[in-house]
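Undergrad: File follows, upload-v3.cif with mmCIF, C-alpha atoms:
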```cif
data_target
#
loop_
_atom_site.label_atom_id
_atom_site.label_comp_id
_atom_site.auth_asym_id
_atom_site.auth_seq_id
_atom_site.Cartn_x
_atom_site.Cartn_y
_atom_site.Cartn_z
CA MET A 11 -27.69 -20.34 39.18
CA ARG A 12 -24.06 -19.31 39.28
CA LYS A 13 -23.36 -21.16 36.04
CA ILE A 14 -26.21 -19.30 34.38
CA ILE A 15 -24.81 -15.97 35.54
CA LEU A 16 -21.34 -16.90 34.28
CA ILE A 17 -22.59 -18.00 30.87
CA SER A 18 -24.78 -14.88 30.55
CA LEU A 19 -21.76 -12.77 31.37
CA LEU A 20 -19.77 -14.40 28.57
CA PHE A 21 -22.37 -13.41 26.03
CA VAL A 22 -23.12 -9.96 27.37
CA THR A 23 -19.49 -8.90 27.31
CA ASN A 24 -19.09 -10.11 23.76
CA PHE A 25 -21.74 -7.86 22.22
CA ILE A 26 -21.36 -4.23 21.39
CA VAL A 27 -24.45 -2.15 20.84
CA LYS A 28 -24.24 -0.54 17.40
CA ALA A 29 -26.04 2.62 16.43
CA ASP A 30 -28.60 1.93 13.76
CA LEU A 31 -28.67 4.51 10.99
CA LEU A 32 -31.86 3.27 9.37
CA GLY A 33 -34.47 6.02 9.38
CA GLN A 34 -31.96 8.57 10.67
CA THR A 35 -30.63 11.58 8.82
CA VAL A 36 -27.22 11.19 7.21
CA PRO A 37 -24.58 12.03 9.82
CA PRO A 38 -22.03 14.73 9.01
CA CYS A 39 -18.56 13.31 8.53
CA PRO A 40 -15.04 14.49 7.67
CA ALA A 41 -14.88 13.40 4.00
CA LYS A 42 -13.67 16.02 1.56
CA MET A 43 -14.02 16.37 -2.18
CA GLN A 44 -10.80 16.68 -4.14
CA GLY A 45 -9.50 20.25 -3.89
CA MET A 46 -12.11 21.29 -1.30
CA ALA A 47 -11.17 22.51 2.17
CA GLN A 48 -14.50 21.92 3.90
CA ASN A 49 -16.17 18.64 4.70
CA ILE A 50 -18.86 17.26 2.46
CA ASP A 51 -22.32 18.57 3.38
CA PHE A 52 -25.02 15.98 2.75
CA LYS A 53 -27.74 18.62 3.24
CA GLU A 54 -26.86 19.90 -0.23
CA TYR A 55 -28.38 16.72 -1.67
CA LYS A 56 -31.78 17.23 -0.07
CA GLY A 57 -34.46 16.63 -2.69
CA LYS A 58 -32.33 13.98 -4.40
CA VAL A 59 -32.10 10.27 -3.87
CA VAL A 60 -28.48 9.58 -2.93
CA LEU A 61 -26.44 6.43 -2.77
CA ILE A 62 -23.49 6.83 -0.43
CA ASP A 63 -20.91 4.23 -1.36
CA PHE A 64 -17.89 3.39 0.78
CA TRP A 65 -15.06 1.98 -1.30
CA ALA A 66 -11.30 1.46 -1.39
CA THR A 67 -8.79 0.53 -4.08
CA TRP A 68 -7.74 -2.62 -2.16
CA CYS A 69 -11.32 -3.93 -2.20
CA PRO A 70 -12.02 -5.92 -5.40
CA PRO A 71 -15.84 -5.95 -5.09
CA CYS A 72 -15.79 -2.16 -4.64
CA LYS A 73 -13.96 -1.76 -7.96
CA GLN A 74 -16.20 -4.32 -9.58
CA SER A 75 -19.29 -2.29 -8.62
CA MET A 76 -18.08 1.01 -10.04
CA PRO A 77 -18.92 0.56 -13.74
CA PHE A 78 -22.45 -0.53 -12.81
CA LEU A 79 -22.92 2.35 -10.38
CA ASN A 80 -21.62 4.81 -12.94
CA THR A 81 -24.04 3.57 -15.62
CA LEU A 82 -26.93 3.60 -13.15
CA ARG A 83 -26.10 7.10 -11.98
CA ASN A 84 -25.99 8.48 -15.51
CA GLU A 85 -29.23 6.73 -16.39
CA LEU A 86 -31.18 7.98 -13.37
CA LEU A 87 -29.53 11.40 -12.99
CA PRO A 88 -32.42 13.25 -14.71
CA GLN A 89 -34.85 11.76 -12.18
CA GLY A 90 -32.91 13.21 -9.27
CA PHE A 91 -30.42 10.50 -8.40
CA GLU A 92 -26.83 11.03 -7.35
CA ILE A 93 -24.00 8.89 -6.03
CA VAL A 94 -21.51 10.12 -3.47
CA ALA A 95 -18.62 7.69 -3.17
CA ILE A 96 -16.45 7.96 -0.09
CA ASN A 97 -12.98 6.55 -0.55
CA VAL A 98 -11.41 5.21 2.63
CA ASP A 99 -7.90 4.47 1.36
CA GLU A 100 -5.29 5.58 3.88
CA ASP A 101 -3.25 6.87 0.95
CA LYS A 102 -5.47 9.18 -1.07
CA GLU A 103 -3.00 9.14 -3.97
CA GLN A 104 -3.81 5.49 -4.64
CA ALA A 105 -7.46 6.40 -5.12
CA LEU A 106 -6.58 9.34 -7.36
CA ARG A 107 -4.36 7.13 -9.53
CA PHE A 108 -7.09 4.51 -9.77
CA LEU A 109 -9.67 7.10 -10.79
CA GLN A 110 -7.34 8.49 -13.44
CA THR A 111 -7.27 5.04 -15.03
CA TYR A 112 -10.90 4.18 -14.36
CA PRO A 113 -12.77 7.47 -14.12
CA VAL A 114 -16.33 7.74 -12.85
CA ASP A 115 -18.86 10.51 -13.42
CA TYR A 116 -20.22 10.64 -9.89
CA GLU A 117 -18.78 12.58 -7.00
CA VAL A 118 -15.96 11.07 -4.97
CA ALA A 119 -14.99 12.26 -1.51
CA TYR A 120 -11.96 11.11 0.46
CA ASP A 121 -11.60 10.16 4.09
CA GLY A 122 -8.40 8.43 5.08
CA THR A 123 -9.00 9.09 8.77
CA GLY A 124 -11.78 6.55 9.22
CA GLY A 125 -14.10 9.20 10.64
CA CYS A 126 -16.81 8.69 8.03
CA PRO A 127 -17.05 4.89 8.15
CA GLN A 128 -17.11 5.13 11.95
CA LYS A 129 -20.01 7.56 11.85
CA PHE A 130 -21.86 5.34 9.38
CA ASP A 131 -20.91 2.20 11.30
CA VAL A 132 -19.65 0.51 8.13
CA GLN A 133 -19.76 -3.26 8.53
CA ALA A 134 -18.29 -4.40 5.20
CA MET A 135 -16.58 -3.12 2.09
CA PRO A 136 -18.23 -1.90 -0.04
CA SER A 137 -21.22 -0.56 1.87
CA SER A 138 -24.02 1.33 0.18
CA TYR A 139 -26.41 3.61 2.03
CA PHE A 140 -29.63 4.51 0.22
CA VAL A 141 -30.80 7.98 1.20
CA ASP A 142 -34.25 9.31 0.31
CA ARG A 143 -35.15 12.81 -0.87
CA ASN A 144 -35.59 13.97 2.74
CA GLY A 145 -32.06 12.95 3.68
CA HIS A 146 -33.00 9.85 5.66
CA VAL A 147 -31.09 6.57 5.35
CA ARG A 148 -33.69 4.08 4.14
CA SER A 149 -31.65 0.95 3.56
CA ILE A 150 -28.11 -0.37 3.69
CA HIS A 151 -26.51 -2.85 1.35
CA LEU A 152 -23.32 -4.68 2.28
CA GLY A 153 -20.86 -6.04 -0.26
CA TYR A 154 -21.34 -6.28 -4.00
CA ARG A 155 -21.95 -9.07 -6.47
CA ASP A 156 -23.23 -8.72 -10.00
CA SER A 157 -26.41 -10.44 -8.83
CA ASP A 158 -27.01 -7.49 -6.46
CA GLN A 159 -27.60 -5.11 -9.36
CA LYS A 160 -31.34 -5.74 -9.44
CA PHE A 161 -31.67 -5.11 -5.71
CA ILE A 162 -29.71 -1.85 -5.94
CA ARG A 163 -31.70 -0.64 -8.94
CA ASP A 164 -35.01 -1.56 -7.27
CA GLN A 165 -34.10 0.30 -4.09
CA ILE A 166 -33.23 3.45 -5.99
CA THR A 167 -36.27 3.26 -8.27
CA LYS A 168 -38.49 2.84 -5.23
CA LEU A 169 -37.00 5.89 -3.52
CA LEU A 170 -37.20 7.94 -6.72
CA SER A 171 -40.91 7.15 -7.03
CA GLU A 172 -41.56 8.69 -3.61
CA LYS A 173 -42.46 12.36 -3.52
CA MET B 30 -14.64 -9.89 47.64
CA ASN B 31 -16.51 -13.07 47.05
CA ILE B 32 -14.37 -15.42 44.95
CA PHE B 33 -17.30 -16.09 42.61
CA TYR B 34 -17.75 -12.42 41.70
CA PHE B 35 -14.02 -12.06 41.33
CA ARG B 36 -14.01 -14.88 38.77
CA CYS B 37 -16.95 -13.26 36.97
CA LEU B 38 -15.01 -10.01 36.79
CA LEU B 39 -11.94 -11.78 35.40
CA ILE B 40 -13.97 -13.51 32.69
CA ALA B 41 -15.73 -10.27 31.77
CA LEU B 42 -12.40 -8.45 31.52
CA PHE B 43 -10.96 -11.24 29.40
CA PHE B 44 -13.74 -10.95 26.83
CA MET B 45 -13.77 -7.17 26.86
CA MET B 46 -10.08 -7.02 25.96
CA GLN B 47 -10.49 -7.94 22.31
CA GLY B 48 -7.66 -5.75 21.19
CA CYS B 49 -7.20 -7.28 17.76
CA SER B 50 -10.28 -6.17 15.92
CA VAL B 51 -9.66 -4.56 12.55
CA ALA B 52 -12.44 -2.40 11.15
CA PRO B 53 -13.61 -3.23 7.60
CA TRP B 54 -12.21 0.04 6.25
CA GLU B 55 -8.78 -0.52 7.86
CA ARG B 56 -7.91 -3.69 5.97
CA GLY B 57 -5.89 -2.08 3.22
CA ASN B 58 -2.58 -3.38 4.53
CA LEU B 59 -4.00 -6.82 5.31
CA ALA B 60 -5.21 -7.05 1.72
CA LYS B 61 -1.69 -6.76 0.35
CA LYS B 62 -0.29 -9.86 -1.32
CA ASN B 63 2.69 -10.01 1.01
CA MET B 64 0.39 -10.22 4.03
CA ALA B 65 -0.82 -13.67 3.04
CA ILE B 66 -0.13 -16.40 5.59
CA THR B 67 2.19 -18.33 3.32
CA VAL B 68 5.92 -18.72 2.75
CA ASN B 69 5.87 -17.54 -0.84
CA SER B 70 3.00 -15.20 -1.50
CA GLY B 71 3.91 -14.71 -5.17
CA LEU B 72 3.88 -18.44 -5.86
CA SER B 73 0.63 -18.81 -3.96
CA ALA B 74 -0.98 -16.07 -6.00
CA LEU B 75 0.24 -17.71 -9.21
CA ARG B 76 -1.13 -21.11 -8.17
CA ASP B 77 -4.36 -19.50 -7.09
CA HIS B 78 -4.65 -17.82 -10.46
CA ALA B 79 -3.87 -21.05 -12.33
CA PHE B 80 -6.38 -23.07 -10.33
CA THR B 81 -9.05 -20.44 -10.80
CA SER B 82 -8.51 -20.59 -14.54
CA LYS B 83 -7.93 -24.30 -15.06
CA GLU B 84 -9.60 -26.14 -12.24
CA ALA B 85 -12.56 -23.87 -11.62
CA SER B 86 -11.53 -23.84 -8.01
CA GLN B 87 -10.00 -21.18 -5.87
CA GLY B 88 -8.35 -20.91 -2.51
CA GLY B 89 -6.34 -23.27 -0.38
CA PHE B 90 -3.03 -21.49 -0.90
CA GLY B 91 -3.47 -18.68 1.55
CA GLY B 92 -3.66 -16.03 -1.13
CA SER B 93 -4.43 -12.58 0.16
CA GLY B 94 -7.98 -11.34 -0.08
CA GLY B 95 -9.75 -8.05 -0.08
CA GLY B 96 -10.58 -8.30 3.57
CA CYS B 97 -14.20 -7.55 2.84
CA GLY B 98 -15.68 -10.67 4.33
CA CYS B 99 -18.72 -10.02 2.25
CA ASN B 100 -18.29 -11.83 -1.00
#
```
Could you spell out this file's structure in structure tokens?

TA:
Amino acid sequence: MRKIILISLLFVTNFIVKADLLGQTVPPCPAKMQGMAQNIDFKEYKGKVVLIDFWATWCPPCKQSMPFLNTLRNELLPQGFEIVAINVDEDKEQALRFLQTYPVDYEVAYDGTGGCPQKFDVQAMPSSYFVDRNGHVRSIHLGYRDSDQKFIRDQITKLLSEK
Amino acid sequence: MNIFYFRCLLIALFFMMQGCSVAPWERGNLAKKNMAITVNSGLSALRDHAFTSKEASQGGFGGSGGGCGCN
């Protein structure tokens, strides 16, 4: 019996209960758009399908995903789709330099404090949060490979088809 | 205190003190080339690059990664 208690204790102490964002409204977080003083307000995107993408310049798959996301955003923009990318580089200047060289059309917010990824409980880089027109997180996608493009497109198309 | 419960407490404390966890978004410095666990990170990166191109294989030289753990 004692051995069972000891082994159970080993496992219990090793797990941390994580908040699950699925089905919840997008949490407010301290990311700011370039040149803006106030934090980004996700309520402004109500009525649109939004992909919230966490990325950093040191993350190769994040950079690899950007041309695809940009094309997808421009293609589906008339249907009510938008991307909000949240950069988590500690040095914001690195992100600004990168975006000067490789510009994107979607909105980019910056959070070097780690407040946003903490609120979203980011598990990998990049992480994509698919938000429906009512502002609820409907699915989460971790990482990026070119083979994920179909999944990402399908998720967004599905959310756009909902009224 | 019963010695058994004292041992349980010690083990629990040991596993709770995982002070070296780095969040996925905090791996910017770890992703730098000079953070690779190797004597000569530049040479490792060069070999890694050569092997990726010529041998269709990658890794084994401790080259730095993105820290994503996802791809």

Undergrad: On this file, the PyMOL selection byres ((chain A and resi 147-158) around 8) gives some set of residues; write that set as a compact mmCIF listing (two decimals) with C-alpha atoms, keeping the file's coordinate frame.

TA:
```
# COMPACT_ATOMS: atom_id res chain seq x y z
CA LEU A 31 -28.67 4.51 10.99
CA LEU A 32 -31.86 3.27 9.37
CA GLY A 33 -34.47 6.02 9.38
CA GLN A 34 -31.96 8.57 10.67
CA THR A 35 -30.63 11.58 8.82
CA VAL A 36 -27.22 11.19 7.21
CA PRO A 71 -15.84 -5.95 -5.09
CA CYS A 72 -15.79 -2.16 -4.64
CA GLN A 74 -16.20 -4.32 -9.58
CA SER A 75 -19.29 -2.29 -8.62
CA GLN A 133 -19.76 -3.26 8.53
CA ALA A 134 -18.29 -4.40 5.20
CA MET A 135 -16.58 -3.12 2.09
CA PRO A 136 -18.23 -1.90 -0.04
CA SER A 137 -21.22 -0.56 1.87
CA SER A 138 -24.02 1.33 0.18
CA TYR A 139 -26.41 3.61 2.03
CA PHE A 140 -29.63 4.51 0.22
CA VAL A 141 -30.80 7.98 1.20
CA ASP A 142 -34.25 9.31 0.31
CA GLY A 145 -32.06 12.95 3.68
CA HIS A 146 -33.00 9.85 5.66
CA GLN A 159 -27.60 -5.11 -9.36
CA LYS A 160 -31.34 -5.74 -9.44
CA PHE A 161 -31.67 -5.11 -5.71
CA ILE A 162 -29.71 -1.85 -5.94
CA CYS B 97 -14.20 -7.55 2.84
CA CYS B 99 -18.72 -10.02 2.25
CA ASN B 100 -18.29 -11.83 -1.00
```

Undergrad: Around (-11.5, 19.0, 3.7) in the file's own coordinates, what residues are found within 12 Å if you use only C-alpha atoms, given back as an NGL selection string?

TA: :A and (39-51 or 119-123)

Undergrad: In Å, with one decimal, what is the gap from CA of Ala60 in chain B to CA of Thr67 in chain A?

TA: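 Value for the CA of Ala60 in chain B-CA of Thr67 in chain A distance: 10.2 Å.
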
Undergrad: Counting all atoms listed in the file, which residue out of A:Ser171, A:Gln128, A:Asn80, A:Gln89 sits closest to chain B?

TA: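 Closest to chain B of all the choices is A:Gln128.
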
Undergrad: Record the distance separating CA of Ile93 in chain A and CA of Leu79 in chain A, expressed in Å with one decimal.

TA: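 Atom-to-atom, CA of Ile93 in chain A and CA of Leu79 in chain A are spaced 7.9 Å apart.
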
Undergrad: Check the smallest atom-to-atom distance from each of A:Phe130, A:Phe108, A:Phe78, A:Phe52 to chain B using only C-alpha atoms, then report the winner.

TA: A:Phe130

Undergrad: Suppose you want the space between CA of Ile166 in chain A and CA of Lys58 in chain A; what is it in Å?

TA: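 Straight-line distance from CA of Ile166 in chain A to CA of Lys58 in chain A works out to 10.7 Å.
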
Undergrad: May I ask which of the residues A:Glu172, A:Thr167, A:Tyr55, A:Phe64 is the closest one to Ile96 in chain A, counting only C-alpha atoms?

TA: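 Using only C-alpha atoms, the shortest distance to Ile96 in chain A belongs to A:Phe64.
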
Undergrad: Given the choices A:Leu170, A:Leu61, A:Ala105, A:Ala66, which gets closest to chain B if the distance is worked out from all atoms listed in the file?

TA: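 Result for the nearest residue to chain B: A:Ala66.
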
Undergrad: Could you tell me which of A:Trp68, A:Lys73, A:Val114, A:Pro88 comes closest to Asp101 in chain A if we count all atoms listed in the file?

TA: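 For Asp101 in chain A, the nearest of the candidates is A:Trp68.
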
Undergrad: So that I can see what lies close to Asp115 in chain A, please list as a list in words the residues with an atom at most 9 Å from it, counting all atoms listed in the file and leaving out residues fewer than 4 positions away in the same chain.

TA: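 The filter keeps Asn80, Thr81, Arg83 and Asn84 of chain A.
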
Undergrad: Could you tell me, as a list in words, exactly which residues end up selected when the PyMOL selection byres ((chain B and resi 52) around 9) is applied to this structure?

TA: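 Applied to this file, the PyMOL selection byres ((chain B and resi 52) around 9) returns Gln128, Val132, Gln133 and Ala134 of chain A; Ser50, Val51, Pro53, Trp54, Glu55 and Arg56 of chain B.
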
Undergrad: Just checking: using only C-alpha atoms, which residue out of A:Glu54, A:Glu117, A:Asp30, A:Asp99 ends up closest to Lys129 in chain A?

TA: A:Asp30
